[in-house]
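Enquirer: Contents are compact mmCIF, C-alpha atoms and all ligand atoms; file name data_25.txt:
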```
# COMPACT_ATOMS: atom_id res chain seq x y z
CA MET A 15 9.38 -123.88 189.93
CA LEU A 16 7.43 -127.11 190.26
CA PRO A 17 7.99 -129.80 187.63
CA ARG A 18 5.27 -129.84 184.95
CA GLU A 19 4.45 -133.46 185.79
CA LEU A 20 2.87 -132.21 189.01
CA ASP A 21 0.29 -130.09 187.24
CA GLU A 22 -2.04 -132.99 186.70
CA ILE A 23 -2.08 -134.11 190.35
CA ILE A 24 -2.39 -130.54 191.67
CA ASP A 25 -5.25 -129.91 189.30
CA LEU A 26 -6.93 -133.17 190.28
CA VAL A 27 -6.82 -132.51 194.00
CA ILE A 28 -8.04 -128.94 193.62
CA ARG A 29 -10.84 -130.01 191.32
CA HIS A 30 -11.88 -132.71 193.76
CA ASN A 31 -11.84 -130.26 196.69
CA THR A 32 -13.86 -127.70 194.82
CA TRP A 33 -16.40 -130.18 193.48
CA ARG A 34 -17.01 -131.99 196.80
CA ARG A 35 -16.86 -128.93 199.08
CA LYS A 36 -18.50 -126.26 196.98
CA GLU A 37 -20.61 -127.83 194.26
CA THR A 38 -22.10 -131.08 195.51
CA ILE A 39 -24.67 -131.96 198.11
CA ASN A 40 -23.02 -134.87 199.87
CA LEU A 41 -25.55 -137.24 201.39
CA ILE A 42 -23.28 -140.23 202.03
CA ALA A 43 -24.37 -141.36 205.49
CA SER A 44 -20.92 -142.58 206.57
CA GLU A 45 -18.98 -139.42 205.78
CA ASN A 46 -18.52 -135.96 207.20
CA VAL A 47 -16.27 -132.93 207.12
CA MET A 48 -13.97 -131.92 209.94
CA SER A 49 -13.94 -128.43 211.35
CA PRO A 50 -11.22 -126.10 210.00
CA LEU A 51 -9.38 -126.34 213.33
CA ALA A 52 -9.44 -130.13 213.38
CA GLU A 53 -8.27 -130.21 209.78
CA LEU A 54 -5.41 -127.86 210.56
CA PHE A 55 -4.22 -130.14 213.37
CA TYR A 56 -4.52 -133.20 211.15
CA ILE A 57 -1.32 -132.14 209.44
CA ASN A 58 1.39 -132.85 211.97
CA ASP A 59 4.63 -134.76 212.42
CA MET A 60 2.95 -137.75 214.09
CA VAL A 61 1.84 -138.80 210.59
CA GLY A 62 5.17 -140.50 210.08
CA ARG A 63 5.89 -141.90 213.53
CA TYR A 64 5.62 -145.23 215.30
CA ALA A 65 4.55 -145.89 218.87
CA GLU A 66 3.93 -149.63 219.07
CA GLY A 67 2.59 -150.66 222.45
CA THR A 68 0.53 -148.61 224.87
CA VAL A 69 0.91 -145.30 226.68
CA GLY A 70 3.98 -145.50 228.92
CA SER A 71 4.99 -148.87 227.52
CA ARG A 72 6.24 -148.43 223.97
CA TYR A 73 8.59 -150.40 221.79
CA TYR A 74 9.97 -147.17 220.30
CA GLN A 75 11.64 -144.07 221.67
CA GLY A 76 10.50 -140.57 220.75
CA THR A 77 6.90 -140.95 221.87
CA LYS A 78 6.65 -138.60 224.86
CA TYR A 79 4.17 -136.20 223.24
CA ILE A 80 2.33 -139.02 221.50
CA ASP A 81 1.84 -140.74 224.86
CA THR A 82 0.39 -137.57 226.31
CA ILE A 83 -2.10 -137.01 223.51
CA GLU A 84 -3.16 -140.67 223.25
CA GLY A 85 -3.77 -140.69 227.01
CA MET A 86 -5.69 -137.41 226.92
CA LEU A 87 -7.87 -138.61 224.07
CA ALA A 88 -8.66 -141.94 225.71
CA SER A 89 -9.54 -140.42 229.08
CA ARG A 90 -11.72 -137.74 227.51
CA PHE A 91 -13.68 -140.33 225.50
CA ALA A 92 -13.93 -142.51 228.63
CA ARG A 93 -15.49 -139.65 230.58
CA VAL A 94 -17.85 -138.58 227.79
CA LEU A 95 -19.04 -142.12 227.03
CA GLY A 96 -18.96 -143.48 230.59
CA ALA A 97 -16.54 -146.27 229.63
CA ARG A 98 -14.08 -148.18 231.84
CA TYR A 99 -11.63 -148.66 229.02
CA ILE A 100 -11.07 -146.80 225.75
CA ASP A 101 -8.77 -147.81 222.95
CA VAL A 102 -8.20 -145.11 220.36
CA ARG A 103 -5.52 -147.00 218.45
CA PRO A 104 -7.67 -148.91 215.92
CA ILE A 105 -7.29 -147.11 212.63
CA SER A 106 -10.89 -147.74 211.59
CA GLY A 107 -14.21 -149.09 212.75
CA THR A 108 -13.55 -152.37 210.99
CA VAL A 109 -10.23 -152.81 212.79
CA ALA A 110 -11.96 -151.95 216.09
CA ASN A 111 -14.54 -154.65 215.39
CA LEU A 112 -12.02 -157.31 214.43
CA ALA A 113 -9.85 -156.63 217.47
CA THR A 114 -12.87 -156.84 219.74
CA TYR A 115 -14.07 -160.12 218.23
CA PHE A 116 -10.56 -161.52 218.53
CA ALA A 117 -10.46 -160.58 222.20
CA LEU A 118 -13.93 -161.80 223.14
CA VAL A 119 -14.79 -164.73 220.88
CA PRO A 120 -12.86 -168.01 221.08
CA GLU A 121 -11.52 -169.71 217.97
CA GLY A 122 -14.38 -171.19 215.93
CA GLY A 123 -16.86 -169.24 218.07
CA LEU A 124 -20.32 -168.02 217.15
CA VAL A 125 -21.51 -164.44 216.67
CA ALA A 126 -25.14 -163.32 216.39
CA SER A 127 -25.50 -160.39 214.02
CA LEU A 128 -27.74 -158.71 211.49
CA PRO A 129 -27.28 -159.55 207.83
CA VAL A 130 -26.21 -156.73 205.51
CA ARG A 131 -29.67 -156.47 203.94
CA CYS A 132 -31.04 -155.59 207.40
CA GLY A 133 -28.38 -153.00 208.11
CA GLY A 134 -25.57 -155.15 209.52
CA HIS A 135 -22.10 -154.08 208.40
CA ILE A 136 -19.95 -156.43 206.34
CA SER A 137 -17.59 -156.69 209.30
CA HIS A 138 -20.48 -158.26 211.28
CA ASN A 139 -20.89 -160.97 208.71
CA THR A 140 -19.18 -163.98 207.19
CA VAL A 141 -18.81 -162.15 203.86
CA GLY A 142 -16.45 -159.80 205.70
CA GLY A 143 -14.76 -159.57 209.09
CA LEU A 144 -16.09 -162.78 210.61
CA ARG A 145 -14.64 -164.72 207.71
CA ALA A 146 -11.17 -163.33 208.35
CA LEU A 147 -11.28 -164.76 211.88
CA ARG A 148 -13.08 -167.93 210.74
CA LEU A 149 -15.93 -167.26 213.12
CA ARG A 150 -19.44 -168.56 212.55
CA ALA A 151 -22.55 -166.39 212.42
CA VAL A 152 -26.16 -166.82 213.33
CA GLU A 153 -28.56 -164.23 211.91
CA LEU A 154 -30.50 -161.97 214.18
CA PRO A 155 -34.02 -161.68 212.77
CA CYS A 156 -35.16 -158.27 211.55
CA ASP A 157 -38.59 -156.87 210.96
CA PRO A 158 -38.72 -155.37 207.45
CA GLU A 159 -41.48 -152.95 208.45
CA SER A 160 -39.93 -151.35 211.50
CA PHE A 161 -36.36 -151.67 210.23
CA ASN A 162 -35.36 -153.06 213.56
CA VAL A 163 -34.46 -156.29 215.29
CA ASP A 164 -37.40 -158.58 216.00
CA VAL A 165 -36.85 -158.73 219.76
CA GLU A 166 -38.88 -161.81 220.63
CA ARG A 167 -37.37 -163.96 217.89
CA ALA A 168 -33.90 -162.58 218.65
CA ARG A 169 -34.24 -163.53 222.32
CA LYS A 170 -35.13 -167.06 221.33
CA ILE A 171 -32.23 -167.34 218.91
CA VAL A 172 -29.73 -166.05 221.48
CA LEU A 173 -30.97 -168.48 224.13
CA GLU A 174 -30.98 -171.43 221.75
CA SER A 175 -27.76 -170.83 219.85
CA ARG A 176 -25.79 -169.29 222.73
CA PRO A 177 -23.50 -167.09 220.64
CA ASN A 178 -20.27 -165.79 222.15
CA LEU A 179 -21.16 -162.26 221.09
CA VAL A 180 -24.33 -160.43 220.05
CA ILE A 181 -23.71 -157.52 217.68
CA LEU A 182 -26.19 -154.68 217.42
CA GLY A 183 -25.85 -151.35 215.64
CA GLY A 184 -25.53 -151.07 211.91
CA SER A 185 -24.79 -149.34 208.64
CA LEU A 186 -28.35 -148.76 207.59
CA TYR A 187 -29.49 -147.58 210.96
CA LEU A 188 -32.82 -145.78 211.20
CA PHE A 189 -33.97 -146.58 214.75
CA PRO A 190 -32.06 -147.46 217.94
CA HIS A 191 -31.62 -151.21 218.27
CA PRO A 192 -32.99 -153.00 221.36
CA VAL A 193 -29.81 -153.02 223.44
CA LYS A 194 -31.66 -152.94 226.75
CA GLU A 195 -34.00 -155.72 225.66
CA LEU A 196 -31.23 -158.07 224.53
CA ALA A 197 -28.45 -157.32 227.00
CA GLY A 198 -29.94 -159.46 229.78
CA VAL A 199 -30.64 -162.43 227.49
CA ALA A 200 -27.11 -162.23 226.15
CA GLU A 201 -25.72 -162.37 229.68
CA THR A 202 -27.97 -165.32 230.50
CA ALA A 203 -26.43 -167.07 227.51
CA LYS A 204 -22.97 -166.20 228.95
CA SER A 205 -22.48 -163.72 226.15
CA CYS A 206 -22.66 -159.96 225.85
CA VAL A 207 -23.82 -157.21 223.51
CA LEU A 208 -21.35 -155.32 221.36
CA HIS A 209 -22.95 -152.18 219.96
CA ASP A 210 -21.33 -151.01 216.76
CA SER A 211 -21.80 -147.26 217.05
CA ALA A 212 -19.82 -146.41 213.91
CA HIS A 213 -22.68 -144.42 212.45
CA VAL A 214 -24.15 -142.88 215.56
CA LEU A 215 -21.17 -141.94 217.74
CA GLY A 216 -21.77 -138.23 217.15
CA LEU A 217 -25.46 -138.56 217.91
CA ILE A 218 -24.69 -140.44 221.13
CA ILE A 219 -22.21 -137.80 222.29
CA GLY A 220 -24.68 -135.08 221.30
CA GLY A 221 -27.40 -136.79 223.35
CA ALA A 222 -29.74 -137.48 220.41
CA PHE A 223 -29.30 -141.26 220.50
CA PRO A 224 -29.16 -143.64 223.49
CA ASN A 225 -25.71 -144.42 224.86
CA PRO A 226 -25.41 -148.20 224.39
CA LEU A 227 -23.08 -148.61 227.39
CA ALA A 228 -25.73 -147.02 229.60
CA GLU A 229 -28.29 -149.43 228.13
CA GLY A 230 -26.33 -152.57 228.92
CA ALA A 231 -23.96 -153.12 226.00
CA ARG A 232 -20.63 -154.29 227.44
CA VAL A 233 -18.58 -152.92 224.60
CA MET A 234 -19.04 -150.44 221.82
CA THR A 235 -16.99 -149.89 218.72
CA ALA A 236 -17.09 -146.87 216.46
CA SER A 237 -15.66 -144.92 213.59
CA THR A 238 -14.60 -141.37 214.39
CA HIS A 239 -15.65 -139.85 211.08
CA LYS A 240 -19.35 -140.40 210.44
CA THR A 241 -21.80 -138.49 212.66
CA PHE A 242 -18.79 -137.86 214.90
CA PRO A 243 -17.11 -135.44 212.51
CA GLY A 244 -13.46 -136.25 213.15
CA PRO A 245 -10.74 -137.76 210.98
CA GLN A 246 -11.11 -141.33 209.76
CA GLY A 247 -10.31 -143.65 212.64
CA GLY A 248 -11.68 -146.25 215.03
CA LEU A 249 -12.50 -146.56 218.69
CA ILE A 250 -13.31 -149.25 221.25
CA ALA A 251 -15.19 -148.24 224.41
CA SER A 252 -15.66 -150.95 226.97
CA ALA A 253 -17.52 -151.53 230.21
CA LEU A 254 -15.93 -154.96 230.59
CA ASP A 255 -13.66 -156.07 233.42
CA ASP A 256 -9.91 -155.47 233.46
CA GLU A 257 -8.98 -158.93 232.25
CA LEU A 258 -11.12 -158.62 229.12
CA ASN A 259 -9.96 -155.06 228.51
CA GLU A 260 -6.41 -156.33 228.68
CA ARG A 261 -7.31 -158.86 226.00
CA ILE A 262 -8.72 -156.06 223.81
CA LYS A 263 -5.54 -154.08 224.34
CA ARG A 264 -3.43 -157.03 223.24
CA ALA A 265 -5.67 -157.65 220.22
CA VAL A 266 -5.29 -154.08 218.96
CA PHE A 267 -1.53 -154.48 219.22
CA PRO A 268 0.28 -156.74 218.34
CA VAL A 269 -2.51 -158.46 216.40
CA PHE A 270 -4.41 -155.90 214.30
CA THR A 271 -2.26 -152.78 214.14
CA SER A 272 1.34 -151.74 214.26
CA ASN A 273 1.14 -148.06 213.39
CA TYR A 274 -1.91 -146.19 214.63
CA HIS A 275 -2.07 -143.22 212.21
CA MET A 276 -1.40 -141.05 215.26
CA HIS A 277 -1.56 -137.74 213.42
CA ARG A 278 -5.33 -138.13 213.74
CA TYR A 279 -5.25 -137.99 217.55
CA ALA A 280 -4.97 -134.18 217.75
CA ALA A 281 -7.78 -133.68 215.22
CA THR A 282 -9.92 -136.25 217.00
CA TYR A 283 -9.33 -134.47 220.32
CA VAL A 284 -10.28 -131.11 218.81
CA THR A 285 -13.42 -132.70 217.38
CA LEU A 286 -14.33 -134.18 220.75
CA LEU A 287 -13.96 -130.77 222.39
CA GLU A 288 -16.13 -129.24 219.68
CA MET A 289 -18.72 -131.96 220.18
CA GLU A 290 -18.78 -131.25 223.92
CA THR A 291 -19.36 -127.58 223.07
CA PHE A 292 -21.68 -127.71 220.05
CA GLY A 293 -22.65 -131.39 219.87
CA GLU A 294 -26.06 -131.16 221.45
CA GLU A 295 -27.29 -128.56 219.00
CA TYR A 296 -25.64 -130.34 216.06
CA ALA A 297 -27.03 -133.79 216.88
CA ALA A 298 -30.57 -132.52 217.49
CA ARG A 299 -30.50 -130.64 214.22
CA VAL A 300 -29.17 -133.67 212.31
CA VAL A 301 -32.06 -135.85 213.50
CA ALA A 302 -34.63 -133.09 212.84
CA ASN A 303 -33.20 -132.56 209.36
CA ALA A 304 -33.34 -136.28 208.55
CA ARG A 305 -36.98 -136.39 209.58
CA ALA A 306 -37.73 -133.22 207.60
CA LEU A 307 -36.02 -134.59 204.50
CA ALA A 308 -37.95 -137.87 204.75
CA GLU A 309 -41.27 -136.03 205.08
CA ALA A 310 -40.45 -133.74 202.19
CA LEU A 311 -39.44 -136.69 199.99
CA ALA A 312 -42.71 -138.40 200.84
CA ALA A 313 -44.61 -135.24 199.88
CA GLU A 314 -42.77 -135.31 196.53
CA GLY A 315 -43.88 -138.91 195.88
CA VAL A 316 -40.49 -140.41 196.73
CA MET A 317 -41.58 -142.42 199.75
CA PRO A 318 -38.86 -143.38 202.25
CA VAL A 319 -39.13 -146.66 204.14
CA ALA A 320 -40.60 -147.00 207.64
CA GLU A 321 -43.30 -144.37 207.15
CA ARG A 322 -45.41 -145.89 209.93
CA TYR A 323 -42.54 -145.51 212.35
CA GLY A 324 -41.82 -141.89 211.51
CA PHE A 325 -39.12 -142.69 208.91
CA THR A 326 -36.05 -142.20 211.10
CA ARG A 327 -34.54 -141.34 214.47
CA THR A 328 -30.99 -140.98 213.20
CA HIS A 329 -29.12 -139.06 210.52
CA GLN A 330 -30.31 -141.48 207.85
CA VAL A 331 -33.20 -141.85 205.46
CA ALA A 332 -33.65 -144.90 203.22
CA VAL A 333 -35.73 -145.00 200.08
CA ASP A 334 -36.86 -147.99 198.04
CA VAL A 335 -36.27 -146.68 194.54
CA SER A 336 -37.20 -149.84 192.60
CA LYS A 337 -39.96 -148.00 190.76
CA PHE A 338 -37.37 -145.46 189.57
CA GLY A 339 -35.00 -148.14 188.22
CA GLY A 340 -33.28 -149.37 191.42
CA GLY A 341 -30.41 -148.20 193.63
CA ASN A 342 -27.68 -148.35 190.98
CA LYS A 343 -29.50 -146.27 188.42
CA VAL A 344 -30.79 -143.71 190.88
CA ALA A 345 -27.46 -143.22 192.68
CA TYR A 346 -25.80 -142.77 189.28
CA LEU A 347 -28.38 -140.26 188.05
CA LEU A 348 -28.23 -138.25 191.27
CA GLU A 349 -24.46 -138.04 190.96
CA GLN A 350 -24.90 -136.49 187.50
CA ALA A 351 -26.87 -133.78 189.31
CA ASN A 352 -24.11 -133.40 191.95
CA ILE A 353 -26.20 -135.11 194.63
CA ILE A 354 -24.09 -137.88 196.16
CA VAL A 355 -25.78 -140.91 197.77
CA ASN A 356 -25.05 -144.63 197.87
CA LYS A 357 -27.08 -147.58 196.67
CA ASN A 358 -28.11 -149.76 199.58
CA MET A 359 -29.63 -153.17 200.23
CA LEU A 360 -33.02 -153.22 201.90
CA PRO A 361 -34.35 -156.21 203.90
CA TRP A 362 -36.15 -157.76 200.93
CA ASP A 363 -33.16 -157.57 198.56
CA LYS A 364 -31.26 -160.61 197.32
CA SER A 365 -28.36 -158.88 195.58
CA ALA A 366 -25.86 -156.50 197.15
CA VAL A 367 -24.74 -155.25 193.75
CA ARG A 368 -28.27 -154.60 192.46
CA PRO A 369 -30.12 -153.37 195.53
CA SER A 370 -33.49 -151.66 195.49
CA GLY A 371 -32.58 -148.85 197.86
CA ILE A 372 -30.58 -145.72 198.36
CA ARG A 373 -29.31 -144.48 201.73
CA ILE A 374 -29.17 -140.79 202.53
CA GLY A 375 -27.40 -139.07 205.44
CA VAL A 376 -27.83 -135.43 206.40
CA GLN A 377 -25.00 -134.98 208.92
CA GLU A 378 -22.60 -133.27 206.53
CA ILE A 379 -25.10 -130.82 205.05
CA THR A 380 -26.23 -130.04 208.58
CA ARG A 381 -22.65 -129.08 209.42
CA TYR A 382 -22.72 -126.71 206.47
CA GLY A 383 -25.65 -124.99 208.16
CA MET A 384 -28.60 -126.40 206.25
CA GLY A 385 -31.97 -126.64 207.98
CA LYS A 386 -35.53 -127.68 207.27
CA ASP A 387 -36.07 -125.27 204.34
CA GLU A 388 -33.04 -126.71 202.58
CA MET A 389 -34.27 -130.26 203.29
CA ARG A 390 -37.45 -129.41 201.38
CA GLU A 391 -35.36 -127.93 198.58
CA ILE A 392 -33.15 -131.04 198.41
CA ALA A 393 -36.22 -133.30 198.32
CA ARG A 394 -37.48 -131.29 195.34
CA LEU A 395 -34.10 -131.59 193.60
CA ILE A 396 -34.04 -135.37 194.15
CA ALA A 397 -37.63 -135.70 192.91
CA ARG A 398 -36.83 -133.70 189.78
CA VAL A 399 -34.02 -136.15 188.93
CA LEU A 400 -36.29 -139.13 189.55
CA ARG A 401 -39.04 -137.62 187.40
CA GLY A 402 -36.56 -137.43 184.53
CA GLU A 403 -36.12 -133.67 184.38
CA ASP A 404 -33.10 -132.23 182.63
CA ILE A 405 -30.12 -133.25 184.81
CA ASN A 406 -28.06 -130.24 183.77
CA ALA A 407 -30.75 -127.88 185.02
CA VAL A 408 -30.93 -129.73 188.36
CA ARG A 409 -27.15 -129.66 188.67
CA ARG A 410 -27.11 -125.90 188.12
CA ASP A 411 -29.69 -125.51 190.90
CA VAL A 412 -27.69 -127.78 193.23
CA ILE A 413 -24.58 -125.64 192.71
CA GLU A 414 -26.65 -122.51 193.29
CA LEU A 415 -28.10 -123.87 196.55
CA ARG A 416 -24.68 -125.00 197.73
CA ARG A 417 -23.22 -121.53 197.18
CA SER A 418 -24.96 -120.22 200.32
CA PHE A 419 -23.70 -123.08 202.53
CA LEU A 420 -19.93 -123.19 202.32
CA GLU A 421 -18.91 -122.55 205.91
CA ILE A 422 -18.59 -125.44 208.35
CA LYS A 423 -20.51 -124.83 211.59
CA TYR A 424 -20.35 -126.42 215.05
CA GLY A 425 -16.57 -126.02 215.27
CA PHE A 426 -13.93 -123.62 216.53
CA LYS A 427 -12.61 -121.05 214.08
CA ILE A 428 -9.03 -120.73 212.89
CA ASN A 429 -7.06 -117.65 212.03
CA ARG A 430 -4.00 -116.93 209.93
CA GLU A 431 -1.76 -116.62 212.98
CA LEU A 432 -2.59 -120.14 214.13
CA VAL A 433 -2.09 -121.55 210.64
CA GLU A 434 1.31 -119.87 210.54
CA ARG A 435 2.28 -121.23 213.97
CA VAL A 436 1.31 -124.81 213.06
CA PHE A 437 2.81 -124.77 209.56
CA GLY A 438 5.85 -122.88 210.89
CA SER A 439 6.45 -125.64 213.47
CA LEU A 440 6.53 -128.10 210.58
CA ASN A 441 8.87 -125.82 208.62
CA LEU A 442 6.33 -125.64 205.82
CA LEU A 443 6.36 -121.88 205.35
C1 LIG A 501 -21.85 -150.19 211.29
C2 LIG A 501 -20.50 -150.02 210.72
N1 LIG A 501 -19.46 -150.55 211.37
C3 LIG A 501 -18.21 -150.44 210.92
C4 LIG A 501 -17.96 -149.73 209.78
C5 LIG A 501 -16.55 -149.67 209.29
O1 LIG A 501 -16.01 -148.48 209.57
P1 LIG A 501 -14.60 -148.05 208.97
O2 LIG A 501 -14.89 -147.60 207.59
O3 LIG A 501 -14.17 -146.99 209.91
O4 LIG A 501 -13.72 -149.27 208.98
C6 LIG A 501 -18.98 -149.14 209.06
C7 LIG A 501 -18.66 -148.39 207.84
O5 LIG A 501 -19.36 -147.66 207.27
C8 LIG A 501 -20.29 -149.29 209.54
O6 LIG A 501 -21.32 -148.78 208.88
```
So that I can check it, write out the structure of this file as structure tokens.
Ligand SMILES: Cc1ncc(COP(=O)(O)O)c(C=O)c1O

Expert:
Amino acid sequence: MLPRELDEIIDLVIRHNTWRRKETINLIASENVMSPLAELFYINDMVGRYAEGTVGSRYYQGTKYIDTIEGMLASRFARVLGARYIDVRPISGTVANLATYFALVPEGGLVASLPVRCGGHISHNTVGGLRALRLRAVELPCDPESFNVDVERARKIVLESRPNLVILGGSLYLFPHPVKELAGVAETAKSCVLHDSAHVLGLIIGGAFPNPLAEGARVMTASTHKTFPGPQGGLIASALDDELNERIKRAVFPVFTSNYHMHRYAATYVTLLEMETFGEEYAARVVANARALAEALAAEGVMPVAERYGFTRTHQVAVDVSKFGGGNKVAYLLEQANIIVNKNMLPWDKSAVRPSGIRIGVQEITRYGMGKDEMREIARLIARVLRGEDINAVRRDVIELRRSFLEIKYGFKINRELVERVFGSLNLL
């Protein structure tokens, strides 16, 4: 018998699972769901282990299987991304960024990056990661119409200010940034481009988004849980020379991590295999769905940004919802209808806590098998909330729609025998 005190926590977890996996339409652009197989392998003994150091050179004993899997994961990512060096140890995209800055930018150095209102992540800015390392920032200029970097002005800024690092890629990321166009200028300024691929790693591997390393970025960082539908984690992929890669290695440990949350390696490996198998179809469908949702929203009178540019070439859609009460109000109202989005700054915003926009991502609902018809249906549901229709009625329709899309696609299946083998090996049964 379990103690009664556990009832509340059991109930909470089960209610959360049911609500998020069966009753809501999750449109958070930075999230995803793993495949059942990846999730099964996420539960393993490595969750409690240490392996400080690198493969073959650890500070702890007991790491022989961990070494094998870390090595396998790194070499598979290296092959898929065309990288010279991969570090899978950072536990998140932010940690991957900080370690890379630490390795490549000298103390007091300068970084050129996009401000948050133009899609830059907080870790690219002095409100966040740059502040931790006491680095300085110069803003890359963005064009509020095309939602992209203003290449000509950016070139000038890089040549004049000679930053130690130029960061492209972002959190609100609708169109590929001009990696090719800025890589050469960065090198002329004795710098290089870091592409933060946190959001688009899955699209890159699926071939629906340009590979920044192939376009001239010297290093890319990523999260492994956004469009790449693995467990939460980070990644550094580098085309730099051995000396700089060695510096990255020594920044990840002993500077920014000590334990690497290694239980995620197996699930990340499974996800990578699944992406090699199903990724092309998944990524193409994600981008087509995002475009379809944007067009359907526009037809409903909820106009997304960047209409002239075709709204999006990624998994994301952004909408200026000021005329509906702003990002806070709209995100809150949509949540009452079980539609989950986040408020988001847009280039003309002054306040991060009261932004005019919402950001929408379709990668997760695509994994649940939704297509263009469902995008039109979701646009109608969003428009009904914004028009002030009865929220309870919309929520009932959201739950009804969700009922037909409960199975996660683009992954390998599991069966009871495998579950028993894995749980049996942990002595859980
Ligand atoms: C562009 C970008 N970089 C880095 C991160 C940080 O990733 P993580 O949450 O894995 O630290 C995010 C998070 O959403 C992001 O959007």

Enquirer: Each side padded by 6 Å, which centre and which edge lengths in Å (one decimal) define the axis-aligned box around the listed atoms of region 318-329 of chain A? Give them as lines of an AutoDock Vina configuration file.

Expert:
```
center_x = -37.3
center_y = -143.0
center_z = 208.4
size_x = 28.3
size_y = 19.9
size_z = 24.2
```

Enquirer: Expressed in Å to a single decimal, how great is the separation between CA of Gly341 (chain A) and CA of Ala126 (chain A)?

Expert: 27.8 Å

Enquirer: Neighbouring residues of ligand LIG 501 (chain A) are defined here as those with any atom at most 8 Å from a ligand atom, counting all atoms listed in the file; list them as a PyMOL selection string.

Expert: chain A and resi 44+105-111+133-138+183-186+210-213+235-240+246-248

Enquirer: So which residues fall inside 8 Å of (-23.6, -127.6, 204.5) if we count all atoms listed in the file? Mind giving them as a list in words?

Expert: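 The answer, in the requested form, is Ile39, Glu378, Ile379, Thr380, Arg381, Tyr382, Gly383, Met384, Arg416, Phe419, Leu420, Glu421 and Ile422 of chain A.
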
Enquirer: Show me, as CSV, the residues of region 97-200 of chain A having an atom within 9 Å of region 357-371 of chain A, each with the closest atom pair and its distance in Å, using all atoms listed in the file.

Expert:
```
residue,atom,partner,partner_atom,distance
A:Pro129,CA,A:Pro361,CA,8.8
A:Val130,CA,A:Met359,CA,7.2
A:Arg131,CA,A:Pro361,CA,4.7
A:Cys132,CA,A:Pro361,CA,4.9
A:Gly133,CA,A:Leu360,CA,7.8
A:Cys156,CA,A:Pro361,CA,8.0
A:Asp157,CA,A:Pro361,CA,8.3
A:Pro158,CA,A:Pro361,CA,5.7
A:Phe161,CA,A:Pro361,CA,8.0
A:Leu186,CA,A:Asn358,CA,8.1
```

Enquirer: If you take only C-alpha atoms and a cut-off of 12 Å, which residues of region 39-63 of chain A touch region 251-273 of chain A, and what are their nearest atom pairs and distances in Å to one decimal, in chain and number order, as CSV?

Expert:
```
residue,atom,partner,partner_atom,distance
A:Met60,CA,A:Asn273,CA,10.5
A:Val61,CA,A:Asn273,CA,9.7
A:Gly62,CA,A:Asn273,CA,9.2
A:Arg63,CA,A:Asn273,CA,7.8
```

Enquirer: If I put a ball of radius 9 Å at (1.6, -143.7, 221.7) in the file's coordinates, which residues poke into it when counting all atoms listed in the file, written as a VMD selection string?

Expert: chain A and resid 64 to 72 77 to 85 103 274 276
